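Coordinates from work_9.txt are shown below (compact mmCIF, C-alpha atoms).
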# COMPACT_ATOMS: atom_id res chain seq x y z
CA MET T 373 -60.22 -20.79 -66.11
CA THR T 374 -57.89 -17.88 -65.36
CA THR T 375 -59.53 -14.49 -64.91
CA LYS T 376 -57.94 -11.46 -66.50
CA ASN T 377 -58.66 -9.13 -63.59
CA SER T 378 -55.96 -6.45 -63.75
CA LYS T 379 -56.48 -5.44 -60.11
CA LEU T 380 -55.73 -8.99 -58.96
CA LYS T 381 -52.64 -9.03 -61.14
CA ILE T 382 -51.43 -5.76 -59.62
CA ALA T 383 -52.22 -7.03 -56.11
CA TYR T 384 -50.30 -10.23 -56.82
CA TRP T 385 -47.19 -8.34 -57.94
CA LEU T 386 -47.36 -5.89 -55.05
CA VAL T 387 -47.58 -8.78 -52.59
CA TRP T 388 -44.77 -10.56 -54.47
CA ILE T 389 -42.51 -7.50 -54.24
CA THR T 390 -43.34 -7.00 -50.56
CA GLY T 391 -42.79 -10.66 -49.69
CA TYR T 392 -39.55 -11.23 -51.50
CA GLY T 393 -38.37 -7.73 -50.60
CA SER T 394 -38.93 -8.66 -46.97
CA PHE T 395 -36.87 -11.84 -47.38
CA PHE T 396 -34.14 -9.76 -49.04
CA LEU T 397 -34.16 -7.22 -46.20
CA GLY T 398 -34.05 -10.04 -43.65
CA GLY T 399 -31.01 -11.51 -45.40
CA LEU T 400 -29.37 -8.09 -45.52
CA PHE T 401 -30.11 -7.63 -41.82
CA LEU T 402 -28.45 -11.00 -41.12
CA LEU T 403 -25.36 -10.03 -43.14
CA ILE T 404 -25.14 -6.75 -41.24
CA ALA T 405 -25.43 -8.68 -37.97
CA ILE T 406 -22.56 -10.94 -39.01
CA HIS T 407 -20.47 -7.95 -40.08
CA PHE T 408 -21.26 -6.27 -36.76
CA SER T 409 -19.88 -9.32 -34.94
CA ILE T 410 -16.65 -9.07 -36.94
CA ALA T 411 -16.18 -5.29 -36.91
CA PRO T 412 -18.46 -3.62 -34.35
CA HIS T 413 -16.54 -0.32 -34.41
CA HIS T 414 -17.99 0.43 -37.89
CA TYR T 415 -21.41 0.84 -36.27
CA ASP T 416 -20.45 3.15 -33.39
CA SER T 417 -22.38 6.17 -34.69
CA MET T 418 -25.60 4.23 -35.23
CA GLN T 419 -28.69 3.37 -33.28
CA LEU T 420 -30.07 -0.10 -33.80
CA SER T 421 -33.73 -1.03 -33.62
CA SER T 422 -35.34 -4.31 -34.65
CA THR T 423 -36.41 -2.96 -38.02
CA MET T 424 -33.85 -0.28 -38.79
CA PHE T 425 -30.54 1.40 -38.28
CA SER T 426 -30.54 5.11 -37.73
CA ILE T 427 -27.88 7.76 -37.78
CA GLU T 428 -28.71 11.16 -36.32
CA ILE T 429 -27.01 14.06 -38.08
CA ALA T 430 -27.22 17.57 -36.68
CA ASP T 431 -25.34 20.59 -38.04
CA GLY T 432 -23.45 18.40 -40.50
CA SER T 433 -21.94 16.09 -37.90
CA VAL T 434 -23.01 12.69 -36.64
CA GLN T 435 -24.64 12.82 -33.22
CA THR T 436 -24.39 9.75 -31.04
CA SER T 437 -25.39 8.90 -27.53
CA GLY T 438 -22.77 6.18 -27.21
CA LYS T 439 -20.88 3.61 -29.20
CA LEU T 440 -22.88 0.65 -30.40
CA SER T 441 -19.79 -1.54 -29.99
CA GLU T 442 -19.93 -0.84 -26.23
CA ALA T 443 -23.43 -2.33 -25.95
CA PRO T 444 -23.71 -5.90 -24.64
CA LEU T 445 -23.34 -8.25 -27.60
CA TRP T 446 -26.25 -10.46 -26.50
CA GLN T 447 -28.58 -7.46 -26.50
CA VAL T 448 -27.48 -6.36 -29.96
CA TRP T 449 -27.98 -9.91 -31.28
CA MET T 450 -31.45 -10.08 -29.73
CA VAL T 451 -32.41 -6.94 -31.64
CA PHE T 452 -30.97 -8.43 -34.85
CA LEU T 453 -32.86 -11.68 -34.23
CA GLN T 454 -36.11 -9.83 -33.58
CA GLY T 455 -35.73 -7.93 -36.86
CA LEU T 456 -34.86 -11.08 -38.78
CA VAL T 457 -37.97 -12.87 -37.48
CA ILE T 458 -40.17 -9.87 -38.31
CA PHE T 459 -38.93 -9.79 -41.92
CA THR T 460 -39.36 -13.57 -42.24
CA VAL T 461 -42.92 -13.53 -40.89
CA ILE T 462 -43.88 -10.73 -43.28
CA GLY T 463 -42.37 -12.67 -46.17
CA LEU T 464 -44.25 -15.85 -45.27
CA MET T 465 -47.53 -13.95 -44.91
CA CYS T 466 -47.02 -12.54 -48.40
CA ILE T 467 -46.38 -16.03 -49.79
CA TYR T 468 -49.76 -17.12 -48.38
CA GLY T 469 -51.36 -13.98 -49.80
CA MET T 470 -49.94 -14.79 -53.25
CA LYS T 471 -51.42 -18.30 -53.01
CA ILE T 472 -54.86 -16.86 -52.19
CA ILE T 473 -54.69 -14.34 -55.03
CA GLN T 474 -53.52 -17.01 -57.47
CA SER T 475 -56.37 -19.37 -56.55
CA VAL T 476 -58.89 -16.54 -57.05
CA ARG T 477 -57.28 -15.65 -60.40
CA ASN T 478 -57.61 -19.31 -61.40
CA GLY T 479 -61.36 -19.14 -60.74
CA ARG T 480 -61.21 -21.20 -57.55
CA VAL T 481 -62.43 -18.63 -55.06
CA PHE T 482 -63.59 -21.25 -52.61
CA ASN T 483 -60.44 -23.34 -52.73
CA THR T 484 -60.26 -25.61 -49.68
CA ASP T 485 -56.79 -24.25 -48.87
CA ASN T 486 -57.80 -20.56 -48.74
CA PRO T 487 -59.18 -20.71 -45.16
CA LYS T 488 -55.94 -22.35 -44.01
CA TRP T 489 -53.86 -19.64 -45.68
CA PHE T 490 -56.00 -16.88 -44.13
CA GLN T 491 -55.52 -18.51 -40.71
CA ARG T 492 -51.75 -18.55 -41.23
CA ILE T 493 -51.82 -14.88 -42.21
CA GLY T 494 -53.83 -14.18 -39.02
CA LEU T 495 -51.25 -16.09 -37.00
CA GLY T 496 -48.53 -14.03 -38.66
CA PHE T 497 -50.24 -10.82 -37.56
CA LEU T 498 -50.48 -12.16 -34.01
CA ILE T 499 -46.76 -12.99 -34.09
CA LEU T 500 -46.00 -9.48 -35.37
CA THR T 501 -48.10 -8.05 -32.53
CA ALA T 502 -46.04 -9.99 -30.00
CA LEU T 503 -42.69 -9.21 -31.66
CA THR T 504 -43.32 -5.49 -31.99
CA PHE T 505 -44.89 -5.03 -28.56
CA ALA T 506 -41.45 -4.40 -27.07
CA ASP T 507 -39.16 -2.42 -29.36
CA VAL T 508 -35.62 -2.26 -28.05
CA THR T 509 -33.27 0.43 -29.34
CA VAL T 510 -29.56 0.07 -28.64
CA SER T 511 -26.99 2.81 -28.97
CA GLY T 512 -23.84 2.30 -26.92
CA ASN T 513 -24.60 2.56 -23.24
CA VAL T 514 -28.11 3.92 -23.94
CA HIS T 515 -30.82 1.28 -24.13
CA GLN T 516 -34.40 2.24 -24.82
CA LEU T 517 -37.41 -0.01 -24.44
CA GLU T 518 -40.72 1.06 -25.93
CA LEU T 519 -43.86 -0.90 -25.21
CA ASP T 520 -46.46 -0.34 -27.88
CA LEU T 521 -49.46 -2.53 -28.58
CA LYS T 522 -50.00 -2.33 -32.32
CA MET T 523 -53.78 -2.38 -32.66
CA GLY T 524 -53.48 -2.47 -36.45
CA TYR T 525 -51.84 -5.89 -36.28
CA LEU T 526 -54.52 -7.15 -33.90
CA LEU T 527 -57.29 -5.90 -36.17
CA ALA T 528 -55.61 -7.41 -39.23
CA ALA T 529 -55.36 -10.76 -37.41
CA LEU T 530 -59.04 -10.55 -36.47
CA PHE T 531 -60.05 -9.81 -40.07
CA ALA T 532 -57.84 -12.61 -41.40
CA TYR T 533 -59.56 -15.08 -39.06
CA ILE T 534 -62.97 -13.72 -40.07
CA LEU T 535 -62.08 -14.14 -43.74
CA ALA T 536 -60.93 -17.69 -43.03
CA GLU T 537 -64.36 -18.47 -41.56
CA ILE T 538 -66.15 -16.78 -44.47
CA PHE T 539 -64.16 -18.82 -46.99
CA GLN T 540 -64.78 -21.98 -44.95
CA GLU T 541 -68.52 -21.30 -45.06
CA GLY T 542 -68.26 -20.54 -48.79
CA ASN T 543 -66.58 -23.92 -49.30
CA ARG T 544 -69.40 -25.63 -47.41
CA LEU T 545 -72.11 -23.83 -49.41
CA GLU T 546 -70.36 -24.63 -52.70
CA GLU T 547 -70.19 -28.32 -51.77
CA GLU T 548 -73.88 -28.25 -50.81
CA SER T 549 -74.83 -26.65 -54.13
CA LYS T 550 -72.88 -29.30 -56.05
CA LEU T 551 -74.83 -32.03 -54.25
CA THR T 552 -78.16 -30.25 -54.84
CA VAL T 553 -77.77 -30.02 -58.62
Let's see the structure in the file written out as structure tokens.
Amino acid sequence: MTTKNSKLKIAYWLVWITGYGSFFLGGLFLLIAIHFSIAPHHYDSMQLSSTMFSIEIADGSVQTSGKLSEAPLWQVWMVFLQGLVIFTVIGLMCIYGMKIIQSVRNGRVFNTDNPKWFQRIGLGFLILTALTFADVTVSGNVHQLELDLKMGYLLAALFAYILAEIFQEGNRLEEESKLTV
């Protein structure tokens, strides 16, 4: 029994786009990292953070605080690796979200796998909290470290674990009602 809920369909496609878009961005980030290893001088006017590149332009000219190719290679690769893991975790969380939405659309709200998928999404949010706690920005000889506890990720993890318990209890009640009838 598949429900024709248009909101669930929209949610599914938004999560699909976000998930696979995240995998695409992670792959692009990896290709950029490989290109950086081959030709680092192409990136001299950029700042690198774990989730983005930035170029600062003021008065029509590129402003830079140093050449990215002068930064220690291990540090640049750590930033690339951090970004790649962030994109991968977001993609995996979206895959689990699509599975939950699909089971609800199929009329199996209290699927026995839903609590497990909510727990994995909660774990993903905890991993994102840890990965984004220290954001390193590299630009030549300037290295910036920002420590920022993302409370939104912690709250999302908490709610994902709460939903996992709610769905687990729903599974138990559904099984009880089947035995009662």
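Reported to one decimal place, the separation of atom CA of T:Asn486 from atom CA of T:Leu551 is 21.3 Å.
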Please list as a PyMOL selection string every residue within 6 Å of stretch 531-533 of chain T, counting all atoms listed in the file and excluding residues in the same chain fewer than 4 positions away. chain T and resi 490-491+494
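Across T:Asp520, T:Asp485, T:Glu537, T:Glu547, the tightest approach to T:Leu500 is made by T:Asp520 when counting only C-alpha atoms.
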Given all atoms listed in the file, how would the per-residue table for stretch 454-523 of chain T near stretch 539-543 of chain T read, listing every residue at most 7 Å away with its closest atom pair and distance in Å to one decimal, sorted by chain and number, as JSON lines?
{"residue": "T:Phe482", "atom": "CA", "partner": "T:Asn543", "partner_atom": "CA", "distance": 5.2}
{"residue": "T:Thr484", "atom": "CA", "partner": "T:Asn543", "partner_atom": "CA", "distance": 6.6}
{"residue": "T:Asn486", "atom": "CA", "partner": "T:Phe539", "partner_atom": "CA", "distance": 6.8}
{"residue": "T:Pro487", "atom": "CA", "partner": "T:Phe539", "partner_atom": "CA", "distance": 5.6}
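Omitting T:Gly391 and its sequence neighbours fewer than 6 positions away, and counting only C-alpha atoms, the residues within 8 Å are Ile462, Gly463, Leu464, Met465, Cys466 and Ile467 of chain T.
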One decimal, in Å: what's the spacing between atom CA of T:Leu453 and atom CA of T:Ala528? 23.7 Å
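The smallest atom-to-atom distance between T:Leu456 and any of T:Met418, T:Ala506, T:Ile404, T:Leu498, using only C-alpha atoms, is found for T:Ile404.
Proximity to T:Phe459 was assessed for T:Ala529, T:Ile538, T:Thr390, T:Leu380 counting only C-alpha atoms; the smallest distance is recorded for T:Thr390.
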